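**Q** Take a look at structure-v8.tsv, TSV, C-alpha atoms:
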chain	number	residue	atom	x	y	z
J	4	MET	CA	86.89	70.16	-44.61
J	5	LYS	CA	85.40	70.55	-48.10
J	6	HIS	CA	82.17	68.90	-46.94
J	7	ILE	CA	81.96	71.10	-43.82
J	8	LYS	CA	82.41	74.20	-45.99
J	9	ALA	CA	79.75	72.97	-48.43
J	10	PHE	CA	77.39	72.22	-45.51
J	11	GLY	CA	77.95	75.71	-44.06
J	12	ALA	CA	77.50	77.32	-47.48
J	13	PHE	CA	74.24	75.46	-47.98
J	14	TRP	CA	72.76	76.67	-44.68
J	15	TYR	CA	74.05	80.21	-45.24
J	16	ASP	CA	72.36	80.29	-48.64
J	17	PHE	CA	69.23	78.62	-47.23
J	18	ILE	CA	68.69	81.11	-44.40
J	19	VAL	CA	70.55	84.29	-45.32
J	20	GLY	CA	70.20	84.10	-49.11
J	21	ASP	CA	71.31	86.75	-51.58
J	22	ASP	CA	71.63	89.74	-49.25
J	23	TRP	CA	73.28	89.38	-45.84
J	24	HIS	CA	72.37	92.99	-44.95
J	25	VAL	CA	68.78	91.82	-44.37
J	26	ALA	CA	69.92	89.32	-41.73
J	27	VAL	CA	72.15	91.91	-40.05
J	28	LEU	CA	69.33	94.48	-39.87
J	29	VAL	CA	66.82	91.96	-38.46
J	30	VAL	CA	69.30	90.78	-35.81
J	31	ALA	CA	70.22	94.40	-34.96
J	32	GLY	CA	66.52	95.22	-34.58
J	33	LEU	CA	66.02	92.29	-32.23
J	34	ILE	CA	69.06	93.17	-30.12
J	35	LEU	CA	67.97	96.81	-29.78
J	36	THR	CA	64.41	95.74	-28.95
J	37	ALA	CA	65.70	93.39	-26.25
J	38	ILE	CA	67.99	96.09	-24.78
J	39	LEU	CA	65.14	98.61	-24.66
J	40	ALA	CA	62.75	96.06	-23.16
J	41	HIS	CA	65.06	94.62	-20.52
J	42	ALA	CA	67.52	97.44	-19.70
J	43	ALA	CA	65.31	100.49	-20.19
J	44	GLY	CA	61.95	98.86	-19.44
J	45	LEU	CA	60.53	100.26	-22.68
J	46	ASN	CA	57.93	98.20	-24.53
J	47	ALA	CA	59.39	99.02	-27.98
J	48	TRP	CA	57.04	96.84	-30.06
J	49	TRP	CA	57.31	99.32	-32.93
J	50	LEU	CA	61.10	99.02	-33.33
J	51	LEU	CA	61.44	95.63	-35.04
J	52	PRO	CA	58.78	96.40	-37.71
J	53	LEU	CA	60.76	99.57	-38.53
J	54	PHE	CA	63.95	97.53	-38.96
J	55	VAL	CA	62.09	94.95	-41.08
J	56	ILE	CA	60.68	97.65	-43.39
J	57	ALA	CA	64.11	99.29	-43.59
J	58	ALA	CA	65.74	95.93	-44.40
J	59	LEU	CA	63.33	95.28	-47.28
J	60	ALA	CA	63.61	98.81	-48.69
J	61	TRP	CA	67.41	98.86	-48.36
J	62	SER	CA	67.79	95.43	-49.96
J	63	LEU	CA	65.51	96.33	-52.89
J	64	HIS	CA	67.37	99.60	-53.36
J	65	ARG	CA	70.74	97.80	-53.35
J	66	ALA	CA	69.52	95.16	-55.82
J	67	THR	CA	68.43	97.77	-58.35
J	68	SER	CA	70.50	100.88	-57.73
J	69	HIS	CA	73.59	99.81	-59.68
J	70	TYR	CA	71.52	100.05	-62.83
J	71	LYS	CA	71.18	103.79	-62.46
J	72	ASN	CA	72.82	105.78	-65.19
Z	8	MET	CA	45.27	81.62	-32.21
Z	9	ASN	CA	42.95	79.93	-34.70
Z	10	ALA	CA	44.60	77.02	-36.55
Z	11	LEU	CA	43.26	78.11	-39.95
Z	12	PRO	CA	45.86	80.87	-40.68
Z	13	LEU	CA	48.61	78.42	-39.68
Z	14	ILE	CA	47.29	75.66	-41.96
Z	15	LEU	CA	46.71	78.05	-44.89
Z	16	THR	CA	50.15	79.66	-44.60
Z	17	VAL	CA	51.90	76.30	-44.46
Z	18	PHE	CA	49.70	75.02	-47.31
Z	19	VAL	CA	50.61	77.86	-49.70
Z	20	ALA	CA	54.32	77.81	-48.76
Z	21	CYS	CA	54.54	74.06	-49.21
Z	22	ALA	CA	52.56	74.12	-52.46
Z	23	VAL	CA	55.21	76.42	-53.98
Z	24	GLU	CA	57.99	74.05	-52.94
Z	25	ALA	CA	56.01	71.00	-54.09
Z	26	VAL	CA	55.51	72.54	-57.55
Z	27	GLU	CA	59.28	73.03	-57.88
Z	28	ALA	CA	60.02	69.48	-56.66
Z	29	LEU	CA	57.41	68.09	-59.08
Z	30	THR	CA	59.18	69.74	-62.03
Z	31	ILE	CA	62.44	67.97	-61.14
Z	32	VAL	CA	60.78	64.61	-60.47
Z	33	LEU	CA	58.88	64.74	-63.78
Z	34	ALA	CA	62.09	65.57	-65.66
Z	35	ALA	CA	63.86	62.61	-64.05
Z	36	GLY	CA	60.97	60.16	-64.42
Z	37	LEU	CA	59.80	60.98	-67.93
Z	38	THR	CA	63.25	61.23	-69.53
Z	39	ARG	CA	65.17	58.62	-67.51
Z	40	GLU	CA	63.48	55.89	-65.48
Z	41	TRP	CA	60.56	55.99	-63.04
Z	42	ARG	CA	61.80	53.19	-60.75
Z	43	SER	CA	65.08	54.95	-59.89
Z	44	THR	CA	63.24	58.28	-59.66
Z	45	PHE	CA	60.80	56.85	-57.11
Z	46	GLN	CA	63.70	55.33	-55.17
Z	47	GLY	CA	65.38	58.78	-55.01
Z	48	MET	CA	62.13	60.38	-53.88
Z	49	ALA	CA	61.52	57.71	-51.26
Z	50	VAL	CA	65.02	58.04	-49.73
Z	51	ALA	CA	64.67	61.86	-49.66
Z	52	LEU	CA	61.25	61.56	-47.94
Z	53	VAL	CA	62.73	59.21	-45.33
Z	54	VAL	CA	65.58	61.69	-44.64
Z	55	LEU	CA	63.05	64.54	-44.33
Z	56	ALA	CA	60.86	62.50	-41.98
Z	57	VAL	CA	63.88	61.70	-39.78
Z	58	VAL	CA	64.92	65.39	-39.70
Z	59	THR	CA	61.37	66.46	-38.79
Z	60	ALA	CA	61.02	63.77	-36.12
Z	61	ALA	CA	64.41	64.63	-34.60
Z	62	VAL	CA	64.49	68.44	-34.82
Z	63	GLY	CA	60.79	69.20	-34.24
Z	64	PRO	CA	60.45	67.73	-30.72
Z	65	ALA	CA	64.01	68.79	-29.77
Z	66	ILE	CA	63.24	72.45	-30.53
Z	67	SER	CA	60.03	72.30	-28.52
Z	68	TYR	CA	62.11	71.67	-25.35
Z	69	LEU	CA	63.56	75.20	-25.62
Z	70	PRO	CA	61.92	77.82	-23.37
Z	71	LEU	CA	59.13	79.59	-25.28
Z	72	THR	CA	60.86	83.00	-25.12
Z	73	ALA	CA	64.13	81.69	-26.56
Z	74	LEU	CA	62.21	79.67	-29.13
Z	75	ARG	CA	60.27	82.73	-30.29
Z	76	LEU	CA	63.40	84.88	-30.44
Z	77	VAL	CA	65.43	82.42	-32.52
Z	78	ILE	CA	62.60	81.22	-34.73
Z	79	GLY	CA	61.22	84.73	-35.13
Z	80	ALA	CA	64.61	85.96	-36.34
Z	81	LEU	CA	65.00	83.03	-38.74
Z	82	LEU	CA	61.46	83.43	-40.10
Z	83	ALA	CA	61.79	87.19	-40.56
Z	84	ILE	CA	65.12	86.79	-42.42
Z	85	PHE	CA	63.80	83.87	-44.48
Z	86	GLY	CA	60.52	85.68	-45.23
Z	87	LEU	CA	62.27	88.89	-46.25
Z	88	GLN	CA	64.38	86.93	-48.75
Z	89	TRP	CA	61.19	85.49	-50.27
Z	90	LEU	CA	59.57	88.94	-50.36
Z	91	ARG	CA	62.67	90.52	-51.87
Z	92	LYS	CA	62.78	87.95	-54.68
Z	93	ALA	CA	59.02	88.18	-55.29
Z	94	VAL	CA	59.14	92.00	-55.53
Z	95	LEU	CA	62.18	91.92	-57.85
Z	96	ARG	CA	60.47	89.30	-60.05
Z	97	ALA	CA	57.16	91.20	-60.11
Z	98	THR	CA	58.97	94.30	-61.35
Z	99	GLY	CA	61.20	92.66	-63.97
Z	100	PHE	CA	64.46	93.23	-62.06
Z	101	LYS	CA	64.81	89.47	-61.73
Z	102	ALA	CA	63.67	86.80	-64.18
Z	103	LEU	CA	60.42	85.08	-63.19
Z	104	HIS	CA	60.80	81.47	-62.08
Z	105	ASP	CA	59.51	79.64	-65.12
Z	106	GLU	CA	58.59	75.97	-64.49
Z	107	ALA	CA	58.45	75.22	-68.23
Z	108	SER	CA	61.99	76.49	-68.82
Z	109	ALA	CA	63.27	74.86	-65.59
Z	110	TYR	CA	61.74	71.58	-66.82
Z	111	LEU	CA	63.35	71.87	-70.26
Z	112	LYS	CA	66.77	72.54	-68.69
Z	113	GLN	CA	66.45	69.47	-66.44
Z	114	VAL	CA	65.28	67.35	-69.38
Z	115	ALA	CA	68.22	68.46	-71.56
Z	116	ALA	CA	70.68	67.63	-68.77
Z	117	ALA	CA	68.95	64.29	-68.05
Z	118	GLU	CA	68.97	63.25	-71.71
Z	119	SER	CA	72.68	63.91	-72.12
Z	120	ALA	CA	73.80	62.05	-68.97
Z	121	ALA	CA	75.01	58.44	-69.26
Z	122	LYS	CA	73.03	55.64	-67.59
Z	123	GLU	CA	74.92	53.99	-64.77
Z	124	ALA	CA	73.74	51.42	-62.22
Z	125	ARG	CA	75.09	51.89	-58.69
Z	126	ARG	CA	74.32	50.54	-55.21
Z	127	GLY	CA	71.28	48.59	-56.37
Z	128	VAL	CA	69.82	51.58	-58.23
Z	129	GLY	CA	69.21	51.06	-61.97
Z	130	ASP	CA	69.79	54.67	-63.03
Z	131	TRP	CA	71.99	56.63	-60.62
Z	132	TYR	CA	71.42	59.95	-62.41
Z	133	ALA	CA	67.60	59.72	-62.09
Z	134	PHE	CA	67.98	58.65	-58.46
Z	135	THR	CA	70.25	61.54	-57.45
Z	136	LEU	CA	68.24	64.11	-59.45
Z	137	ALA	CA	65.00	63.10	-57.72
Z	138	PHE	CA	66.72	62.74	-54.34
Z	139	LYS	CA	68.32	66.21	-54.44
Z	140	GLY	CA	65.20	67.90	-55.81
Z	141	VAL	CA	62.86	66.44	-53.21
Z	142	LEU	CA	65.36	66.87	-50.34
Z	143	LEU	CA	66.21	70.52	-51.07
Z	144	GLU	CA	62.63	71.64	-51.68
Z	145	GLY	CA	61.49	69.44	-48.80
Z	146	LEU	CA	63.93	71.06	-46.36
Z	147	GLU	CA	62.12	74.37	-46.85
Z	148	VAL	CA	58.83	72.59	-46.12
Z	149	VAL	CA	60.32	71.04	-42.96
Z	150	PHE	CA	61.68	74.44	-41.86
Z	151	ILE	CA	58.26	76.07	-42.24
Z	152	VAL	CA	56.39	73.18	-40.60
Z	153	ILE	CA	58.73	73.08	-37.59
Z	154	THR	CA	58.97	76.84	-37.04
Z	155	PHE	CA	55.25	77.55	-37.42
Z	156	GLY	CA	54.13	74.33	-35.73
Z	157	ASP	CA	56.44	74.64	-32.71
Z	158	ASN	CA	55.70	78.32	-32.16
Z	159	GLN	CA	51.95	77.77	-32.32
Z	160	LYS	CA	52.27	74.53	-30.34
Z	161	ASN	CA	50.41	72.93	-33.22
Z	162	ILE	CA	52.81	70.74	-35.23
Z	163	GLY	CA	49.79	68.64	-36.25
Z	164	GLY	CA	48.10	71.64	-37.92
Z	165	ALA	CA	51.31	72.56	-39.76
Z	166	VAL	CA	51.76	68.96	-40.94
Z	167	ILE	CA	48.13	68.91	-42.20
Z	168	GLY	CA	48.81	72.06	-44.27
Z	169	ALA	CA	52.05	70.62	-45.69
Z	170	VAL	CA	50.65	67.18	-46.49
Z	171	ALA	CA	47.52	68.70	-48.09
Z	172	ALA	CA	49.73	70.88	-50.34
Z	173	ILE	CA	51.92	67.94	-51.38
Z	174	VAL	CA	48.87	65.74	-52.09
Z	175	VAL	CA	47.11	68.44	-54.15
Z	176	VAL	CA	50.24	69.21	-56.21
Z	177	THR	CA	51.04	65.50	-56.71
Z	178	ILE	CA	47.50	64.64	-57.85
Z	179	THR	CA	47.45	67.64	-60.19
Z	180	GLY	CA	50.90	66.69	-61.54
Z	181	ILE	CA	49.77	63.08	-62.18
Z	182	ALA	CA	46.63	64.37	-63.91
Z	183	VAL	CA	48.39	66.78	-66.26
Z	184	LYS	CA	51.70	64.81	-66.58
Z	185	ALA	CA	53.56	68.11	-67.02
Z	186	PRO	CA	55.11	70.86	-64.91
Z	187	LEU	CA	52.48	73.11	-63.32
Z	188	THR	CA	53.22	76.20	-65.38
Z	189	LYS	CA	49.84	77.84	-64.73
Z	190	VAL	CA	50.42	78.16	-60.98
Z	191	PRO	CA	50.93	81.86	-60.08
Z	192	GLU	CA	54.16	80.98	-58.29
Z	193	ASN	CA	55.45	84.50	-57.81
Z	194	TRP	CA	52.28	85.78	-56.19
Z	195	MET	CA	52.16	82.71	-53.97
Z	196	LYS	CA	55.77	83.43	-52.95
Z	197	PHE	CA	54.84	87.06	-52.33
Z	198	SER	CA	51.97	85.99	-50.04
Z	199	VAL	CA	54.13	83.48	-48.20
Z	200	GLY	CA	56.91	86.07	-47.86
Z	201	VAL	CA	54.39	88.45	-46.26
Z	202	MET	CA	53.20	85.76	-43.82
Z	203	LEU	CA	56.70	84.55	-42.87
Z	204	THR	CA	57.96	88.10	-42.36
Z	205	SER	CA	54.89	89.08	-40.32
Z	206	PHE	CA	54.95	86.03	-38.04
Z	207	GLY	CA	58.74	86.30	-37.73
Z	208	THR	CA	58.46	89.95	-36.68
Z	209	PHE	CA	55.67	89.16	-34.22
Z	210	TRP	CA	57.37	86.19	-32.56
Z	211	GLY	CA	60.88	87.71	-32.72
Z	212	ALA	CA	59.78	90.87	-30.92
Z	213	GLU	CA	57.88	88.81	-28.32
Z	214	GLY	CA	61.02	86.73	-27.78
Z	215	ALA	CA	63.01	89.95	-27.31
Z	216	GLY	CA	60.70	90.90	-24.44
Z	217	VAL	CA	58.01	93.01	-26.09
Z	218	ARG	CA	54.27	92.79	-25.44
Z	219	TRP	CA	52.27	93.60	-28.58
Z	220	PRO	CA	49.28	95.92	-28.18
Z	221	GLY	CA	46.24	93.64	-28.50
Z	222	ASN	CA	48.43	90.52	-28.15
Z	223	ASP	CA	47.70	88.06	-31.00
Z	224	ALA	CA	45.31	90.58	-32.60
Z	225	ALA	CA	48.38	92.66	-33.51
Z	226	LEU	CA	48.94	90.19	-36.36
Z	227	LEU	CA	45.76	91.54	-37.97
Z	228	VAL	CA	47.64	94.81	-38.37
Z	229	ILE	CA	51.16	93.45	-38.98
Z	230	VAL	CA	50.20	91.16	-41.90
Z	231	PRO	CA	48.38	93.85	-43.97
Z	232	ALA	CA	51.08	96.39	-43.08
Z	233	VAL	CA	53.87	94.13	-44.39
Z	234	ALA	CA	51.80	93.37	-47.51
Z	235	LEU	CA	51.25	97.08	-48.04
Z	236	VAL	CA	54.95	97.90	-47.68
Z	237	ALA	CA	55.90	95.10	-50.12
Z	238	ALA	CA	53.23	96.28	-52.58
Z	239	ALA	CA	54.61	99.80	-52.27
Z	240	GLY	CA	58.01	98.31	-53.12
Z	241	VAL	CA	56.51	96.84	-56.30
Z	242	PHE	CA	55.10	100.23	-57.34
Z	243	TRP	CA	58.35	101.99	-56.45
Z	244	LEU	CA	60.49	99.57	-58.48
Z	245	ARG	CA	58.04	99.58	-61.40
Z	246	GLY	CA	58.55	103.32	-61.54
Z	247	ARG	CA	62.31	102.89	-61.36
Z	248	GLY	CA	62.14	100.13	-64.02
Z	249	ALA	CA	60.16	102.40	-66.34
Z	250	VAL	CA	62.78	105.11	-65.94
Z	251	LEU	CA	65.57	102.61	-66.66
Z	252	ALA	CA	63.72	101.16	-69.67
Z	253	ALA	CA	63.24	104.66	-71.05
Z	254	ALA	CA	66.98	105.23	-70.57
Z	255	GLY	CA	67.71	101.95	-72.45
Z	256	THR	CA	69.00	99.93	-69.48
Z	257	THR	CA	68.34	96.16	-69.58
Z	258	GLU	CA	65.71	94.37	-67.48
Z	259	ASN	CA	66.25	91.27	-65.36
Z	260	SER	CA	69.34	92.81	-63.94
Z	261	GLU	CA	69.90	90.45	-61.02
Z	262	VAL	CA	71.43	87.36	-62.48
Z	263	HIS	CA	72.07	85.22	-59.43
Z	264	ALA	CA	69.05	83.18	-58.29
Hey, can you dump this file as structure tokens for me?
**A**
Amino acid sequence: MKHIKAFGAFWYDFIVGDDWHVAVLVVAGLILTAILAHAAGLNAWWLLPLFVIAALAWSLHRATSHYKN
Amino acid sequence: MNALPLILTVFVACAVEAVEALTIVLAAGLTREWRSTFQGMAVALVVLAVVTAAVGPAISYLPLTALRLVIGALLAIFGLQWLRKAVLRATGFKALHDEASAYLKQVAAAESAAKEARRGVGDWYAFTLAFKGVLLEGLEVVFIVITFGDNQKNIGGAVIGAVAAIVVVTITGIAVKAPLTKVPENWMKFSVGVMLTSFGTFWGAEGAGVRWPGNDAALLVIVPAVALVAAAGVFWLRGRGAVLAAAGTTENSEVHA
């Protein structure tokens, strides 16, 4: 069990890293893009880049905001 | 798509990992014993080769759409983590990765550990240090080679980029017999973060069912756009850092690596 946990923790750290919000935003962007493309027939190529930019900005803000006075 | 961007991206990404692995191997070899260090490296390289040989072809059996969706998501997440760290390091919110200090830490730990022979290896500490260092850094190389190579249907090109990076770093390391402290690691990581995020976004969206305007040519817009956004992040945080410094708040705030 300990080894399985360590294995899972390694891959979590390897892929997701320090901020899991980034992964959640990227996956949410992909799901929304797929829904728009397949259910609504909308070629929403612009949506994922918006989520990616938001993920980076949000993560940088979170990493530095707690040092505000 | 031309193979050159693929080879160059893999080359730079793998060079960064190779520099970090070299630091660990040098610390093990110079302070402990080269024979056990080489044994550790060799076993790690065999494990990496087996992983690449097993996972690479297996992934290529997935339908292209599913492959692009999964790999695009992984690359975008992975790339954003690199970009995030590079921006935080460039702005002083995170300590720069310093090969000289990483080397000294490894040397201090290696010098204080007892020598113990185990399973036919003369120095178990040197063996495990080299094994772990090469395996962990190598896994990132394997990840990049497989994801880029499979998606571009050009594993050979990705392997050429990776092998060239490892050879260049190894030859340079042998020549200088010291950690490569002069390598602009953070800017290399920044560039790789931009490329991984851009390709991940491109492939991920394609996998989700989108057709990019201009098809592959869209990357010529996506890559500079991601670089521009990340650079804007650097300027934004430099401004925030200056405000914090003026207010007397400490730098290098993020302590976890």
**Q** May I have the residues of chain J within 6 Å of chain Z, counting all atoms listed in the file, written as a PyMOL selection string?
**A** chain J and resi 18+26+37+40+46+48
**Q** Identify, on the basis of all atoms listed in the file, every residue whose closest approach to range 28-36 of chain J does not exceed 6 Å; exclude the query and any residue fewer than 6 positions from it along the same chain; express the result as a short mmCIF file (atom, residue, chain, number, x, y, z; two decimals) with C-alpha atoms, in the coordinates of the input.
**A**
data_model
loop_
_atom_site.label_atom_id
_atom_site.label_comp_id
_atom_site.auth_asym_id
_atom_site.auth_seq_id
_atom_site.Cartn_x
_atom_site.Cartn_y
_atom_site.Cartn_z
CA LEU J 51 61.44 95.63 -35.04
CA PHE J 54 63.95 97.53 -38.96
CA ALA J 58 65.74 95.93 -44.40
#
**Q** Given all atoms listed in the file as the basis, pick out the residue of J:Ile38, J:Leu45, J:Pro52, J:Phe17 nearest to Trp210 in chain Z.
**A**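 The closest residue to Trp210 in chain Z is J:Pro52.
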**Q** List the neighbours of Ala169 in chain Z out to 6 Å using all atoms listed in the file; skip same-chain residues closer than 4 positions along the sequence, and give me the result as a list of chain:residue names.
**A**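 Everything that qualifies: Z:Val17, Z:Phe18, Z:Cys21.
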**Q** Taking only C-alpha atoms into account, which of Z:Leu55, Z:Ala10, Z:Ala224, Z:Leu29 comes nearest Val148 in chain Z?
**A**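 Ranked by minimum distance to Val148 in chain Z, first place goes to Z:Leu55.
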**Q** CA of Ile31 in chain Z and CA of Val62 in chain Z are how many Å apart?
**A** 26.4 Å
**Q** Rounded to one decimal in Å, what is the spacing between CA of Gly47 in chain Z and CA of Gly156 in chain Z?
**A** 27.2 Å
**Q** Go through Z:Lys184, Z:Lys160, Z:Arg126, Z:Lys139 one by one, measure the shortest atom-to-atom distance of each to Ala51 in chain Z using only C-alpha atoms, and give the residue with the smallest value.
**A**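 Of all the options, Z:Lys139 lies closest to Ala51 in chain Z.
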**Q** Please measure the separation of CA of His41 in chain J and CA of Thr72 in chain Z, giving the value in Å to one decimal.
**A**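 These two atoms are separated by 13.2 Å.
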